[in-house]
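Reading through the structure tokens given below for one structure.
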There are 2 protein chains.
Amino acid sequence: MQDDTSSNPCPAPLVFAMIGGKWKLSILQILIFDGTKRFGELRKAIPEITQTMLTKQLRDLERDCLVERVVYAEVPPKVEYSATEDGVGLMPAFKEMHSWWETRKRSPKAP
Amino acid sequence: MQDDTSSNPCPAPLVFAMIGGKWKLSILQILIFDGTKRFGELRKAIPEITQTMLTKQLRDLERDCLVERVVYAEVPPKVEYSATEDGVGLMPAFKEMHSWWETRKRSPKAP
DNA sequence: TACTTAAGTATCAAAACGATACTATTGGAG
DNA sequence: CTCCAATAGTATCGTTTTGATACTTAAGTA
């Protein structure tokens, strides 16, 4: 895993930079499993995030082609976000994390 | 995935808090796939990290029972870090991330 | 005219992070 | 006896990220 078979360096740092932001996994999870969301819906879904940060992290995800942004020319404004095909490709990784947590809950440490 | 079948809230925020630090995924990956490492070896393996941050993130991971720390009473000091059983349980998630990247490389966007 | 709503910016304070220097320890060199 | 090497840290301070709050924009409505 440190190298793949073709002797490329392991992509881990690149991957972690793309999804490692403080809120990126939460945003991606919602868009991947729940589908398209408006800006305000994401804000409600992640109440702890600030508007500033949500905007910034979405821009980062958009730049990395994990999330797509569609603006409707309406007033009041309407902007929809959704996971791209690339982004949806992360679904199995999220599922693994989920089942890791579930397994973990069932084997608590002895006090 | 937002809720599991028993109607618990989705653990995503908890999971992401545990592994979401800037360097935690990198540290975990090394300990999970390469096994036990000394402090200095980790530092060499992640050249961009500062000593201060490495210490801090390792302490966080230790507190969350993902990493184990063993101090040897020697001079010069020797401290070994390894992934706990819990930590190793994340291996499938890392493998999924890896194959996501590999797949992704083979379907580049049209310019 | 003023008000409403949604999706942002702008601004400043707080927290996280980075760079660098310093500490503790002790067996061996001189 | 004194000094040094090696490792895993702390301490300190400056920079970058993040958070809290207020402000902006634009078109329809009262």
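So you can find residues: chains in the structure tokens are A, B, ... in the order shown, residues in each start at 1, and ligands are numbered from 1 in order.
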Do you know which residues are at most 9 Å from stretch 96-109 of chain A counting only C-alpha atoms (C1' of nucleotides), after dropping those on the same chain fewer than 3 positions away, and could you put them as a ChimeraX atom specification?
/A:91-93 /B:1,10-12,15,86,89-90,92-94,96
For the residues selected in the previous step, produce a file with N, CA and C atoms as a compact mmCIF listing (two decimals), in the first residue's frame.
```txt
# COMPACT_ATOMS: atom_id res chain seq x y z
N MET A 91 -18.17 6.14 -1.90
CA MET A 91 -19.18 5.51 -1.06
C MET A 91 -18.68 4.24 -0.33
N PRO A 92 -17.98 3.34 -1.03
CA PRO A 92 -17.52 2.14 -0.31
C PRO A 92 -16.61 2.48 0.87
N ALA A 93 -15.78 3.49 0.71
CA ALA A 93 -14.90 3.87 1.82
C ALA A 93 -15.73 4.35 3.02
N MET B 1 -27.73 5.28 5.89
CA MET B 1 -26.42 5.60 6.49
C MET B 1 -26.52 6.78 7.45
N CYS B 10 -26.34 8.85 13.15
CA CYS B 10 -25.18 8.38 12.43
C CYS B 10 -23.91 8.82 13.15
N PRO B 11 -22.95 7.91 13.29
CA PRO B 11 -21.75 8.22 14.04
C PRO B 11 -20.75 9.06 13.27
N ALA B 12 -21.08 9.44 12.07
CA ALA B 12 -20.11 10.11 11.21
C ALA B 12 -19.32 11.23 11.91
N VAL B 15 -16.72 9.71 14.18
CA VAL B 15 -15.65 9.07 13.42
C VAL B 15 -14.72 10.12 12.85
N ASP B 86 -8.31 -1.85 17.36
CA ASP B 86 -9.27 -0.89 16.82
C ASP B 86 -8.72 -0.18 15.59
N GLY B 89 -8.50 -2.13 12.51
CA GLY B 89 -9.83 -2.33 11.92
C GLY B 89 -10.15 -1.34 10.82
N LEU B 90 -9.41 -0.26 10.76
CA LEU B 90 -9.65 0.72 9.69
C LEU B 90 -8.99 0.32 8.37
N PRO B 92 -9.61 -1.87 6.02
CA PRO B 92 -10.46 -1.93 4.83
C PRO B 92 -10.85 -0.55 4.30
N ALA B 93 -11.07 0.38 5.20
CA ALA B 93 -11.42 1.73 4.75
C ALA B 93 -10.26 2.34 3.98
N PHE B 94 -9.06 2.15 4.47
CA PHE B 94 -7.89 2.67 3.75
C PHE B 94 -7.76 2.00 2.38
N GLU B 96 -10.12 0.86 0.57
CA GLU B 96 -11.14 1.42 -0.33
C GLU B 96 -10.69 2.78 -0.87
```
Within 8 Å of chain D, which residues of chain A show up when using only C-alpha atoms (C1' of nucleotides), listed as a PyMOL selection string?
chain A and resi 50+53+75-76
Produce a file of the selected residues containing C-alpha atoms, as a short mmCIF file (atom, residue, chain, number, x, y, z; two decimals), in the first residue's frame.
```
data_model
loop_
_atom_site.label_atom_id
_atom_site.label_comp_id
_atom_site.auth_asym_id
_atom_site.auth_seq_id
_atom_site.Cartn_x
_atom_site.Cartn_y
_atom_site.Cartn_z
CA THR A 50 -20.13 28.18 9.99
CA MET A 53 -16.35 27.43 6.32
CA VAL A 75 -34.14 35.59 -6.31
CA PRO A 76 -33.75 34.66 -3.57
#
```
Please check the contacts: residues of chain A at most 10 Å away from chain C, using only C-alpha atoms (C1' of nucleotides), listed as a short mmCIF file (atom, residue, chain, number, x, y, z; two decimals) with N, CA, C and O atoms, in the first residue's frame.
```
data_model
loop_
_atom_site.label_atom_id
_atom_site.label_comp_id
_atom_site.auth_asym_id
_atom_site.auth_seq_id
_atom_site.Cartn_x
_atom_site.Cartn_y
_atom_site.Cartn_z
N ARG A 38 -29.31 21.87 -1.28
CA ARG A 38 -29.06 23.31 -1.38
C ARG A 38 -28.10 23.74 -0.27
O ARG A 38 -27.94 23.04 0.74
N PHE A 39 -27.52 24.90 -0.48
CA PHE A 39 -26.58 25.43 0.51
C PHE A 39 -27.19 25.44 1.91
O PHE A 39 -26.60 24.93 2.88
N GLY A 40 -28.36 25.96 2.02
CA GLY A 40 -29.02 26.07 3.31
C GLY A 40 -29.34 24.72 3.94
O GLY A 40 -29.33 24.57 5.16
N GLN A 51 -21.07 29.38 8.15
CA GLN A 51 -21.36 29.66 6.75
C GLN A 51 -20.06 29.85 5.96
O GLN A 51 -19.90 29.33 4.86
N THR A 52 -19.15 30.59 6.55
CA THR A 52 -17.87 30.86 5.91
C THR A 52 -17.14 29.57 5.56
O THR A 52 -16.65 29.39 4.44
N THR A 55 -18.89 27.42 2.81
CA THR A 55 -18.57 27.96 1.49
C THR A 55 -17.16 27.54 1.06
O THR A 55 -16.95 27.03 -0.04
N GLU A 74 -32.11 32.94 -9.79
CA GLU A 74 -33.38 33.28 -9.16
C GLU A 74 -33.13 34.21 -7.97
O GLU A 74 -32.02 34.32 -7.48
N VAL A 75 -34.20 34.84 -7.56
CA VAL A 75 -34.14 35.59 -6.31
C VAL A 75 -35.33 35.18 -5.48
O VAL A 75 -36.45 35.21 -5.98
N PRO A 76 -35.06 34.78 -4.23
CA PRO A 76 -33.75 34.66 -3.57
C PRO A 76 -32.91 33.57 -4.21
O PRO A 76 -33.45 32.65 -4.85
N PRO A 77 -31.60 33.66 -4.03
CA PRO A 77 -30.67 32.77 -4.72
C PRO A 77 -30.95 31.30 -4.42
O PRO A 77 -31.47 30.94 -3.35
N LYS A 78 -30.59 30.47 -5.36
CA LYS A 78 -30.71 29.02 -5.16
C LYS A 78 -29.48 28.37 -5.75
O LYS A 78 -29.18 28.56 -6.93
N VAL A 79 -28.75 27.64 -4.93
CA VAL A 79 -27.54 26.97 -5.37
C VAL A 79 -27.60 25.53 -4.88
O VAL A 79 -27.84 25.29 -3.70
#
```
Which of these residues is nearest to chain A, using only C-alpha atoms: B:Met18, B:Leu61, B:Thr84, B:Phe33?
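Smallest separation from chain A among the options: B:Phe33.
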So how far away is atom CA of A:Ser26 from atom CA of B:Leu58, in Å?
22.9 Å
